[in-house]
>>> print(open('query10.csv').read())   # CSV, C-alpha atoms and all ligand atoms
chain,number,residue,atom,x,y,z
A,1,MET,CA,97.1,86.7,51.2
A,2,LEU,CA,96.5,83.4,49.5
A,3,SER,CA,99.2,82.5,47.0
A,4,TYR,CA,98.5,78.8,46.5
A,5,ARG,CA,96.8,77.9,43.2
A,6,HIS,CA,95.9,74.3,42.6
A,7,SER,CA,96.4,74.7,38.9
A,8,PHE,CA,100.1,74.3,39.4
A,9,HIS,CA,99.6,70.9,41.1
A,10,ALA,CA,96.5,69.5,39.4
A,11,GLY,CA,96.7,65.8,38.5
A,12,ASN,CA,99.8,65.1,40.5
A,13,HIS,CA,100.2,61.9,42.5
A,14,ALA,CA,98.5,63.4,45.5
A,15,ASP,CA,95.4,64.3,43.4
A,16,VAL,CA,95.3,60.7,41.9
A,17,LEU,CA,95.2,59.2,45.4
A,18,LYS,CA,92.7,61.8,46.8
A,19,HIS,CA,90.4,61.6,43.8
A,20,THR,CA,90.5,57.7,43.8
A,21,VAL,CA,89.4,57.7,47.5
A,22,GLN,CA,86.8,60.5,46.9
A,23,SER,CA,85.2,58.6,44.0
A,24,LEU,CA,85.1,55.3,45.8
A,25,ILE,CA,83.3,56.9,48.8
A,26,ILE,CA,80.8,58.6,46.5
A,27,GLU,CA,80.1,55.3,44.7
A,28,SER,CA,79.5,53.6,48.0
A,29,LEU,CA,77.1,56.3,49.1
A,30,LYS,CA,75.2,55.8,45.9
A,31,GLU,CA,74.4,52.2,46.8
A,32,LYS,CA,71.5,53.5,48.8
A,33,GLU,CA,68.7,55.4,47.0
A,34,LYS,CA,68.4,58.0,49.7
A,35,PRO,CA,70.1,61.3,48.8
A,36,PHE,CA,73.3,62.6,50.3
A,37,LEU,CA,75.2,65.9,50.7
A,38,TYR,CA,78.7,66.4,49.3
A,39,VAL,CA,80.6,69.2,51.1
A,40,ASP,CA,83.9,70.4,49.7
A,41,THR,CA,85.4,72.9,52.1
A,42,HIS,CA,88.4,73.8,49.9
A,43,SER,CA,87.1,73.4,46.4
A,44,GLY,CA,89.7,75.0,44.1
A,45,ALA,CA,88.7,76.1,40.5
A,46,GLY,CA,87.0,72.8,39.6
A,47,ARG,CA,88.6,72.2,36.2
A,48,TYR,CA,92.3,72.4,35.2
A,49,GLN,CA,94.0,72.7,31.9
A,50,LEU,CA,97.1,70.4,32.0
A,51,THR,CA,98.5,72.0,28.8
A,52,GLY,CA,98.1,75.4,30.4
A,53,GLU,CA,100.9,77.6,31.6
A,54,HIS,CA,100.6,76.7,35.3
A,55,ALA,CA,100.5,72.9,34.9
A,56,GLU,CA,103.3,72.9,32.3
A,57,LYS,CA,105.5,75.0,34.5
A,58,THR,CA,105.7,72.4,37.3
A,59,GLY,CA,104.9,69.3,35.1
A,60,GLU,CA,103.7,67.6,38.2
A,61,TYR,CA,100.8,65.8,36.3
A,62,LEU,CA,103.4,64.0,34.2
A,63,GLN,CA,104.3,61.9,37.3
A,64,GLY,CA,100.7,61.7,38.3
A,65,ILE,CA,97.6,61.3,36.1
A,66,ALA,CA,99.7,61.0,32.9
A,67,ARG,CA,101.2,57.8,34.2
A,68,VAL,CA,97.8,56.3,35.1
A,69,TRP,CA,96.3,57.5,31.7
A,70,GLU,CA,98.9,55.4,29.9
A,71,GLN,CA,98.0,52.1,31.6
A,72,GLU,CA,95.8,49.6,29.9
A,73,ASP,CA,95.1,47.3,32.9
A,74,LEU,CA,93.1,49.8,35.1
A,75,PRO,CA,91.7,48.1,38.2
A,76,GLU,CA,88.0,48.4,38.5
A,77,GLU,CA,88.4,50.6,41.6
A,78,LEU,CA,89.8,53.3,39.4
A,79,LEU,CA,86.9,53.2,36.8
A,80,PRO,CA,84.5,55.8,38.4
A,81,TYR,CA,87.4,58.3,38.6
A,82,MET,CA,89.1,57.5,35.3
A,83,ASN,CA,85.8,57.4,33.3
A,84,ILE,CA,85.4,61.1,34.2
A,85,VAL,CA,89.0,61.9,33.2
A,86,ARG,CA,88.3,60.1,29.9
A,87,ARG,CA,85.0,62.0,29.4
A,88,MET,CA,86.9,65.3,29.7
A,89,ASN,CA,89.5,64.2,27.2
A,90,GLU,CA,87.5,62.6,24.5
A,91,GLY,CA,90.0,63.2,21.7
A,92,GLY,CA,92.3,60.7,23.4
A,93,LYS,CA,95.0,63.3,24.4
A,94,LEU,CA,95.2,64.2,28.1
A,95,ARG,CA,94.5,67.9,28.3
A,96,TYR,CA,92.0,68.5,31.1
A,97,TYR,CA,91.8,67.4,34.7
A,98,PRO,CA,88.7,67.4,37.0
A,99,GLY,CA,89.1,68.8,40.5
A,100,SER,CA,87.2,67.3,43.4
A,101,PRO,CA,84.0,69.5,42.8
A,102,LEU,CA,83.8,68.4,39.2
A,103,LEU,CA,84.3,64.7,40.0
A,104,ALA,CA,81.4,65.1,42.5
A,105,LYS,CA,79.3,67.0,39.9
A,106,TYR,CA,79.6,64.1,37.4
A,107,LEU,CA,79.3,61.3,40.0
A,108,LEU,CA,76.4,62.6,42.1
A,109,ARG,CA,72.8,61.9,41.1
A,110,ASP,CA,70.0,64.4,40.4
A,111,HIS,CA,68.6,64.2,43.9
A,112,ASP,CA,72.0,64.6,45.7
A,113,GLN,CA,73.3,68.0,46.7
A,114,LEU,CA,76.7,69.7,46.7
A,115,SER,CA,78.0,72.5,48.9
A,116,LEU,CA,81.3,74.0,47.7
A,117,THR,CA,83.4,76.7,49.3
A,118,GLU,CA,86.5,78.5,47.8
A,119,LEU,CA,88.3,81.5,49.2
A,120,HIS,CA,90.6,82.5,46.4
A,121,PRO,CA,89.5,85.6,44.4
A,122,THR,CA,90.6,84.1,41.1
A,123,ASP,CA,89.5,80.5,41.6
A,124,TYR,CA,86.1,81.3,43.1
A,125,PRO,CA,84.6,82.8,39.9
A,126,LEU,CA,86.0,79.9,37.8
A,127,LEU,CA,84.3,77.5,40.2
A,128,ARG,CA,81.0,79.4,40.1
A,129,ALA,CA,81.0,79.5,36.3
A,130,GLU,CA,81.5,75.8,36.2
A,131,PHE,CA,78.3,75.2,38.3
A,132,SER,CA,76.2,78.1,37.1
A,133,ARG,CA,73.4,75.8,35.8
A,134,ASP,CA,73.7,73.1,38.4
A,135,HIS,CA,70.5,73.2,40.5
A,136,ARG,CA,72.0,70.8,43.1
A,137,THR,CA,74.9,73.0,44.0
A,138,GLN,CA,75.4,75.9,46.5
A,139,ILE,CA,78.6,77.7,46.2
A,140,SER,CA,80.1,80.2,48.7
A,141,LYS,CA,83.1,82.4,48.7
A,142,GLY,CA,84.5,82.2,52.2
A,143,ASP,CA,86.1,80.1,54.8
A,144,GLY,CA,85.4,76.4,54.2
A,145,TYR,CA,85.8,75.5,57.9
A,146,GLN,CA,82.7,77.6,58.7
A,147,GLN,CA,80.6,75.4,56.4
A,148,LEU,CA,81.0,72.6,58.9
A,149,LYS,CA,78.9,74.6,61.3
A,150,ALA,CA,76.5,76.0,58.7
A,151,LYS,CA,75.8,73.0,56.5
A,152,LEU,CA,75.7,70.1,59.0
A,153,PRO,CA,73.8,67.9,59.6
A,154,PRO,CA,72.3,67.5,56.2
A,155,PRO,CA,68.5,66.9,56.2
A,156,SER,CA,69.1,63.5,54.7
A,157,ARG,CA,71.6,62.6,57.5
A,158,ARG,CA,73.9,61.2,54.8
A,159,GLY,CA,77.0,62.9,53.5
A,160,LEU,CA,80.7,63.1,52.6
A,161,ILE,CA,82.7,66.1,53.8
A,162,LEU,CA,86.0,66.5,51.9
A,163,MET,CA,88.5,68.8,53.6
A,164,ASP,CA,91.4,69.6,51.3
A,165,PRO,CA,93.3,72.6,52.4
A,166,SER,CA,96.7,73.5,50.8
A,167,TYR,CA,98.5,73.7,54.2
A,168,GLU,CA,100.0,76.9,52.9
A,169,LEU,CA,99.2,78.1,56.4
A,170,LYS,CA,100.7,75.9,59.1
A,171,SER,CA,97.5,76.6,61.1
A,172,ASP,CA,95.7,74.3,58.7
A,173,TYR,CA,97.0,71.2,60.5
A,174,GLU,CA,95.1,72.3,63.6
A,175,ALA,CA,92.2,73.9,61.8
A,176,VAL,CA,91.2,70.6,60.1
A,177,VAL,CA,91.1,68.8,63.5
A,178,LYS,CA,89.0,71.6,64.9
A,179,GLY,CA,86.8,71.5,61.8
A,180,VAL,CA,86.3,67.8,62.2
A,181,VAL,CA,85.3,68.2,65.8
A,182,GLU,CA,82.7,70.9,64.9
A,183,GLY,CA,81.3,68.8,62.1
A,184,TYR,CA,81.2,65.6,64.1
A,185,LYS,CA,79.4,67.3,67.0
A,186,ARG,CA,76.6,68.0,64.6
A,187,PHE,CA,76.8,65.0,62.3
A,188,ALA,CA,78.6,62.0,63.9
A,189,THR,CA,77.5,59.5,61.2
A,190,GLY,CA,78.9,61.5,58.2
A,191,THR,CA,82.0,60.4,56.3
A,192,TYR,CA,84.9,62.9,56.7
A,193,ALA,CA,87.8,62.7,54.3
A,194,ILE,CA,90.9,64.8,55.1
A,195,TRP,CA,93.8,65.2,52.7
A,196,TYR,CA,97.3,65.8,54.0
A,197,PRO,CA,100.7,66.2,52.5
A,198,VAL,CA,103.9,64.7,54.0
A,199,VAL,CA,106.4,67.6,53.9
A,200,LEU,CA,107.6,67.2,57.5
A,201,ARG,CA,106.5,63.9,59.0
A,202,GLN,CA,106.3,65.5,62.5
A,203,GLN,CA,103.4,67.8,61.4
A,204,VAL,CA,101.3,64.8,60.2
A,205,LYS,CA,102.1,62.9,63.4
A,206,ARG,CA,100.9,65.8,65.5
A,207,MET,CA,97.7,66.1,63.5
A,208,ILE,CA,97.0,62.4,63.9
A,209,ASN,CA,97.7,62.5,67.6
A,210,GLN,CA,95.2,65.4,67.9
A,211,LEU,CA,92.6,63.4,66.0
A,212,GLU,CA,93.1,60.4,68.2
A,213,ALA,CA,92.7,62.6,71.3
A,214,THR,CA,89.2,63.7,70.1
A,215,GLY,CA,87.8,60.3,71.0
A,216,ILE,CA,86.3,59.8,67.5
A,217,ARG,CA,86.5,56.2,66.4
A,218,LYS,CA,86.6,54.5,62.9
A,219,ILE,CA,89.5,56.5,61.5
A,220,LEU,CA,91.3,55.0,58.5
A,221,GLN,CA,94.6,56.3,57.1
A,222,ILE,CA,95.6,55.8,53.5
A,223,GLU,CA,99.0,57.0,52.3
A,224,LEU,CA,101.1,56.9,49.2
A,225,ALA,CA,104.8,58.0,49.4
A,226,VAL,CA,106.9,58.5,46.2
A,227,ARG,CA,110.1,58.9,48.2
A,228,PRO,CA,111.2,58.2,51.8
A,229,ASP,CA,110.5,60.9,54.4
A,230,SER,CA,113.0,63.7,54.3
A,231,ASP,CA,113.7,66.9,56.1
A,232,GLN,CA,114.5,68.7,52.9
A,233,ARG,CA,111.8,70.9,51.2
A,234,GLY,CA,109.1,69.2,49.2
A,235,MET,CA,106.2,66.7,49.4
A,236,THR,CA,107.4,63.1,49.6
A,237,ALA,CA,104.0,61.5,50.2
A,238,SER,CA,100.3,62.4,50.7
A,239,GLY,CA,97.4,60.7,52.4
A,240,MET,CA,93.8,60.6,53.2
A,241,ILE,CA,92.4,60.2,56.6
A,242,VAL,CA,88.8,58.9,56.5
A,243,ILE,CA,86.5,59.0,59.4
A,244,ASN,CA,83.5,56.6,59.1
A,245,PRO,CA,84.7,55.2,55.8
A,246,PRO,CA,82.2,53.0,53.8
A,247,TRP,CA,82.8,49.4,54.9
A,248,LYS,CA,84.4,48.4,51.6
A,249,LEU,CA,86.9,51.2,51.4
A,250,GLU,CA,89.7,49.5,53.4
A,251,ALA,CA,89.6,46.4,51.2
A,252,GLN,CA,89.3,48.5,48.0
A,253,MET,CA,92.3,50.6,48.8
A,254,LYS,CA,94.4,47.6,50.0
A,255,LYS,CA,93.7,46.0,46.6
A,256,VAL,CA,94.4,49.1,44.5
A,257,MET,CA,97.4,50.6,46.3
A,258,PRO,CA,100.1,48.3,44.9
A,259,TRP,CA,98.9,49.0,41.4
A,260,LEU,CA,98.8,52.8,42.0
A,261,HIS,CA,102.3,52.7,43.5
A,262,LYS,CA,103.7,50.7,40.6
A,263,SER,CA,102.1,53.0,38.1
A,264,LEU,CA,102.9,56.3,39.8
A,265,VAL,CA,106.4,55.4,41.0
A,266,PRO,CA,107.9,53.0,38.5
A,267,GLU,CA,111.3,53.5,40.2
A,268,GLY,CA,109.8,51.8,43.2
A,269,THR,CA,110.8,54.2,46.0
A,270,GLY,CA,108.4,55.2,48.8
A,271,HIS,CA,105.7,53.1,50.3
A,272,THR,CA,101.9,52.6,50.7
A,273,LEU,CA,99.9,52.3,53.8
A,274,VAL,CA,96.2,51.5,54.6
A,275,GLU,CA,95.8,51.3,58.3
A,276,TRP,CA,93.3,52.1,61.1
A,277,ILE,CA,94.4,55.0,63.3
A,278,VAL,CA,91.4,54.2,65.5
A,279,PRO,CA,89.3,51.1,64.7
A,280,GLU,CA,85.6,50.8,65.3
B,1,LIG,N1,89.9,70.2,46.5
B,1,LIG,C1,90.5,70.6,45.3
B,1,LIG,C2,90.6,69.5,44.3
B,1,LIG,O1,90.8,68.3,44.8
B,1,LIG,O2,90.5,69.7,43.1
B,1,LIG,C3,91.8,71.3,45.5
B,1,LIG,C4,91.8,72.3,46.6
B,1,LIG,S1,93.4,73.1,46.8
B,1,LIG,C5,94.4,71.8,47.5
B,1,LIG,C6,93.0,74.1,48.2
B,1,LIG,C7,92.1,75.3,47.9
B,1,LIG,O3,91.7,75.9,49.1
B,1,LIG,C8,92.8,76.4,47.2
B,1,LIG,O4,92.1,76.6,46.0
B,1,LIG,C9,92.7,77.6,48.1
B,1,LIG,O5,92.5,78.8,47.4
B,1,LIG,C10,91.5,77.3,49.0
B,1,LIG,N2,91.5,77.8,50.3
B,1,LIG,C11,92.5,78.2,51.1
B,1,LIG,N3,92.1,78.5,52.4
B,1,LIG,C12,90.7,78.3,52.3
B,1,LIG,C13,89.7,78.5,53.3
B,1,LIG,N4,89.9,78.9,54.5
B,1,LIG,N5,88.4,78.2,52.9
B,1,LIG,C14,88.1,77.8,51.6
B,1,LIG,N6,89.1,77.7,50.7
B,1,LIG,C15,90.3,77.9,51.0
>>> encode(input="query10.csv", output="structure tokens")
Amino acid sequence: MLSYRHSFHAGNHADVLKHTVQSLIIESLKEKEKPFLYVDTHSGAGRYQLTGEHAEKTGEYLQGIARVWEQEDLPEELLPYMNIVRRMNEGGKLRYYPGSPLLAKYLLRDHDQLSLTELHPTDYPLLRAEFSRDHRTQISKGDGYQQLKAKLPPPSRRGLILMDPSYELKSDYEAVVKGVVEGYKRFATGTYAIWYPVVLRQQVKRMINQLEATGIRKILQIELAVRPDSDQRGMTASGMIVINPPWKLEAQMKKVMPWLHKSLVPEGTGHTLVEWIVPE
């Protein structure tokens, strides 16, 4: 039984980091005319209402996108992402937030393709409705990890695979590594972006050790912590592990992380990190 609903967390600091990285990877892929495939293994509903009951209940977006929304000195690295947030909130008040599939929908070109999977019985129809008239998109209700076997390699041999489980099941830490191995066997030149929460640091360390043991190279880690690690409940940090990142991503993230940290964590606690787990 799935109880996680992303609508409670949409637009939090982890989404801001994830969606910044996602949009920069997509913009780099667009530098070549050749089409590419965007695969989202854990898509969520696609669109979120920040003034809705779920988001208001936790208020997580207030320490996330709402803080970035207020800033006037946006670095250029944030523009592809923030232009879409602005487009969804044209009246000037922050009400709606794009999930990863919607960001991809607006950023991808007419000849690119999207493959989206969502398992939740409530979120799946919302996602499907959002894409009902999008000829580029295939949507499945099912297990996102299976898509790594079914959809790869893409005919264009270019693509981004976003793996963004909720880690509601502890088995997700191992499932993402297995999923990457399955995907990589079929499509070793693809870019794989894996989101992770830091709830217990040991779980993340174990996942990273397993990834290192696969022998895959070019693995970049990007992390933003809002508080120091803790063994109490709750997420203190989140990160993205990117396999085969576009060559610019490391420099872009090194430049933008201090700004993101200052905007998202004005109290100055936590840390940022952009580091190779395995270099080229
Ligand atoms: N990627 C989304 C975004 O950035 O807007 C958020 C995704 S949310 C963190 C994780 C989603 O995965 C939830 O909507 C959950 O219902 C879904 N889910 C959980 N297990 C899944 C599975 N095995 N396959 C596909 N979706 C799954």
>>> atom_distance(input="query10.csv", atom1="atom CA of Val265 of chain A", atom2="atom CA of Glu60 of chain A")
12.8 Å
>>> residues_around(input="query10.csv", residues="Leu160 of chain A", least_positions_apart="4", cutoff="6 Å", atoms="all atoms listed in the file", output="list in words")
Tyr38, Thr191 and Tyr192 of chain A
>>> closest_atom_pairs(input="query10.csv", of="chain A", to="ligand LIG 1 (chain B)", cutoff="7 Å", atoms="all atoms listed in the file", output="CSV")
residue,atom,partner,partner_atom,distance
A:Leu2,CA,B:LIG1,O5,6.4
A:Tyr4,CA,B:LIG1,O5,6.1
A:Arg5,CA,B:LIG1,O4,5.6
A:His6,CA,B:LIG1,S1,5.0
A:Asp15,CA,B:LIG1,O1,6.3
A:His19,CA,B:LIG1,O1,6.8
A:Asp40,CA,B:LIG1,N1,6.8
A:Thr41,CA,B:LIG1,C14,5.6
A:His42,CA,B:LIG1,O3,4.0
A:Ser43,CA,B:LIG1,N1,4.3
A:Gly44,CA,B:LIG1,O4,3.5
A:Ala45,CA,B:LIG1,O4,6.5
A:Gly46,CA,B:LIG1,O2,5.8
A:Pro98,CA,B:LIG1,O2,6.8
A:Gly99,CA,B:LIG1,O2,3.1
A:Ser100,CA,B:LIG1,O1,4.0
A:Pro101,CA,B:LIG1,O2,6.5
A:Thr117,CA,B:LIG1,C14,5.3
A:Glu118,CA,B:LIG1,N6,4.0
A:Leu119,CA,B:LIG1,N6,4.2
A:His120,CA,B:LIG1,O5,4.3
A:Asp123,CA,B:LIG1,O4,6.4
A:Gly142,CA,B:LIG1,N5,5.6
A:Asp143,CA,B:LIG1,N5,3.5
A:Gly144,CA,B:LIG1,N5,3.7
A:Tyr145,CA,B:LIG1,N5,6.2
A:Asp164,CA,B:LIG1,N1,5.1
A:Pro165,CA,B:LIG1,C6,4.5
A:Ser166,CA,B:LIG1,C5,4.4
>>> write_last_selection(input="query10.csv", atoms="C-alpha atoms", output="PDB file, in the frame of the given file")
ATOM      1  CA  LEU A   2      96.500  83.400  49.500  1.00  0.00           C
ATOM      2  CA  TYR A   4      98.500  78.800  46.500  1.00  0.00           C
ATOM      3  CA  ARG A   5      96.800  77.900  43.200  1.00  0.00           C
ATOM      4  CA  HIS A   6      95.900  74.300  42.600  1.00  0.00           C
ATOM      5  CA  ASP A  15      95.400  64.300  43.400  1.00  0.00           C
ATOM      6  CA  HIS A  19      90.400  61.600  43.800  1.00  0.00           C
ATOM      7  CA  ASP A  40      83.900  70.400  49.700  1.00  0.00           C
ATOM      8  CA  THR A  41      85.400  72.900  52.100  1.00  0.00           C
ATOM      9  CA  HIS A  42      88.400  73.800  49.900  1.00  0.00           C
ATOM     10  CA  SER A  43      87.100  73.400  46.400  1.00  0.00           C
ATOM     11  CA  GLY A  44      89.700  75.000  44.100  1.00  0.00           C
ATOM     12  CA  ALA A  45      88.700  76.100  40.500  1.00  0.00           C
ATOM     13  CA  GLY A  46      87.000  72.800  39.600  1.00  0.00           C
ATOM     14  CA  PRO A  98      88.700  67.400  37.000  1.00  0.00           C
ATOM     15  CA  GLY A  99      89.100  68.800  40.500  1.00  0.00           C
ATOM     16  CA  SER A 100      87.200  67.300  43.400  1.00  0.00           C
ATOM     17  CA  PRO A 101      84.000  69.500  42.800  1.00  0.00           C
ATOM     18  CA  THR A 117      83.400  76.700  49.300  1.00  0.00           C
ATOM     19  CA  GLU A 118      86.500  78.500  47.800  1.00  0.00           C
ATOM     20  CA  LEU A 119      88.300  81.500  49.200  1.00  0.00           C
ATOM     21  CA  HIS A 120      90.600  82.500  46.400  1.00  0.00           C
ATOM     22  CA  ASP A 123      89.500  80.500  41.600  1.00  0.00           C
ATOM     23  CA  GLY A 142      84.500  82.200  52.200  1.00  0.00           C
ATOM     24  CA  ASP A 143      86.100  80.100  54.800  1.00  0.00           C
ATOM     25  CA  GLY A 144      85.400  76.400  54.200  1.00  0.00           C
ATOM     26  CA  TYR A 145      85.800  75.500  57.900  1.00  0.00           C
ATOM     27  CA  ASP A 164      91.400  69.600  51.300  1.00  0.00           C
ATOM     28  CA  PRO A 165      93.300  72.600  52.400  1.00  0.00           C
ATOM     29  CA  SER A 166      96.700  73.500  50.800  1.00  0.00           C
TER      30      SER A 166
END
>>> residues_around(input="query10.csv", residues="Gly179 of chain A", least_positions_apart="6", cutoff="10 Å", atoms="only C-alpha atoms", output="NGL selection string")
:A and (41 or 144-149 or 163 or 172 or 185)
>>> closest_residue(input="query10.csv", among="A:Asp134, A:Pro266, A:Arg158, A:Leu24", to="Glu76 of chain A", atoms="all atoms listed in the file")
A:Leu24
>>> closest_residue(input="query10.csv", among="A:Ala251, A:Leu220, A:Leu94, A:Leu37", to="Gly52 of chain A", atoms="all atoms listed in the file")
A:Leu94
>>> closest_residue(input="query10.csv", among="A:Gln63, A:Pro154, A:Ser28, A:Thr58", to="Leu264 of chain A", atoms="only C-alpha atoms")
A:Gln63
>>> atom_distance(input="query10.csv", atom1="atom CA of Glu27 of chain A", atom2="atom CA of Ser132 of chain A")
24.3 Å
>>> closest_residue(input="query10.csv", among="A:Leu273, A:Leu102, A:Pro121, A:Leu116", to="Lys255 of chain A", atoms="all atoms listed in the file")
A:Leu273
>>> atom_distance(input="query10.csv", atom1="atom CA of Ile222 of chain A", atom2="atom CA of Ile84 of chain A")
22.5 Å
>>> closest_residue(input="query10.csv", among="A:Ile216, A:Val226, A:Ile139, A:Ala188", to="Tyr124 of chain A", atoms="all atoms listed in the file")
A:Ile139
>>> closest_residue(input="query10.csv", among="A:Leu126, A:Val242, A:Val39, A:Met207", to="Gln138 of chain A", atoms="only C-alpha atoms")
A:Val39
>>> residues_around(input="query10.csv", residues="Thr214 of chain A", least_positions_apart="2", cutoff="10 Å", atoms="all atoms listed in the file", output="CSV table (one decimal) with C-alpha atoms, keeping the file's coordinate frame")
chain,number,residue,atom,x,y,z
A,177,VAL,CA,91.1,68.8,63.5
A,178,LYS,CA,89.0,71.6,64.9
A,180,VAL,CA,86.3,67.8,62.2
A,181,VAL,CA,85.3,68.2,65.8
A,209,ASN,CA,97.7,62.5,67.6
A,210,GLN,CA,95.2,65.4,67.9
A,211,LEU,CA,92.6,63.4,66.0
A,212,GLU,CA,93.1,60.4,68.2
A,216,ILE,CA,86.3,59.8,67.5
A,217,ARG,CA,86.5,56.2,66.4
>>> residues_around(input="query10.csv", residues="Leu260 of chain A", least_positions_apart="4", cutoff="9 Å", atoms="all atoms listed in the file", output="JSON, numbers by chain")
{"A": [16, 17, 68, 224, 256, 264, 265]}
>>> write_last_selection(input="query10.csv", atoms="C-alpha atoms", output="PDB file, in the frame of the given file")
ATOM      1  CA  VAL A  16      95.300  60.700  41.900  1.00  0.00           C
ATOM      2  CA  LEU A  17      95.200  59.200  45.400  1.00  0.00           C
ATOM      3  CA  VAL A  68      97.800  56.300  35.100  1.00  0.00           C
ATOM      4  CA  LEU A 224     101.100  56.900  49.200  1.00  0.00           C
ATOM      5  CA  VAL A 256      94.400  49.100  44.500  1.00  0.00           C
ATOM      6  CA  LEU A 264     102.900  56.300  39.800  1.00  0.00           C
ATOM      7  CA  VAL A 265     106.400  55.400  41.000  1.00  0.00           C
TER       8      VAL A 265
END
>>> residues_around(input="query10.csv", residues="His111 of chain A", least_positions_apart="2", cutoff="12 Å", atoms="only C-alpha atoms", output="PyMOL selection string")
chain A and resi 30+33-38+105+107-109+113-114+134-137+156
>>> build_atoms(input="query10.csv", residues="segment 13-28 of chain A", atoms="N, CA and C atoms", output="short mmCIF file (atom, residue, chain, number, x, y, z; two decimals), keeping the file's coordinate frame")
data_model
loop_
_atom_site.label_atom_id
_atom_site.label_comp_id
_atom_site.auth_asym_id
_atom_site.auth_seq_id
_atom_site.Cartn_x
_atom_site.Cartn_y
_atom_site.Cartn_z
N HIS A 13 100.51 63.17 41.82
CA HIS A 13 100.20 61.90 42.50
C HIS A 13 99.29 62.01 43.64
N ALA A 14 99.36 63.15 44.33
CA ALA A 14 98.50 63.40 45.50
C ALA A 14 97.02 63.49 45.04
N ASP A 15 96.80 64.17 43.91
CA ASP A 15 95.40 64.30 43.40
C ASP A 15 94.91 62.89 42.97
N VAL A 16 95.78 62.08 42.38
CA VAL A 16 95.30 60.70 41.90
C VAL A 16 94.86 59.94 43.16
N LEU A 17 95.62 59.98 44.23
CA LEU A 17 95.20 59.20 45.40
C LEU A 17 93.91 59.83 46.01
N LYS A 18 93.90 61.14 46.18
CA LYS A 18 92.70 61.80 46.80
C LYS A 18 91.47 61.54 45.97
N HIS A 19 91.56 61.67 44.66
CA HIS A 19 90.40 61.60 43.80
C HIS A 19 89.92 60.10 43.67
N THR A 20 90.86 59.17 43.80
CA THR A 20 90.50 57.70 43.80
C THR A 20 89.63 57.48 45.07
N VAL A 21 90.12 57.94 46.21
CA VAL A 21 89.40 57.70 47.50
C VAL A 21 88.04 58.44 47.43
N GLN A 22 88.06 59.68 46.99
CA GLN A 22 86.80 60.50 46.90
C GLN A 22 85.76 59.73 46.06
N SER A 23 86.17 59.25 44.89
CA SER A 23 85.20 58.60 44.00
C SER A 23 84.67 57.32 44.55
N LEU A 24 85.52 56.56 45.24
CA LEU A 24 85.10 55.30 45.80
C LEU A 24 84.06 55.55 46.96
N ILE A 25 84.29 56.58 47.74
CA ILE A 25 83.30 56.90 48.80
C ILE A 25 81.99 57.31 48.21
N ILE A 26 82.04 58.15 47.18
CA ILE A 26 80.80 58.60 46.50
C ILE A 26 80.05 57.39 45.94
N GLU A 27 80.77 56.50 45.28
CA GLU A 27 80.10 55.30 44.70
C GLU A 27 79.45 54.48 45.78
N SER A 28 80.08 54.36 46.94
CA SER A 28 79.50 53.60 48.00
C SER A 28 78.20 54.29 48.54
#
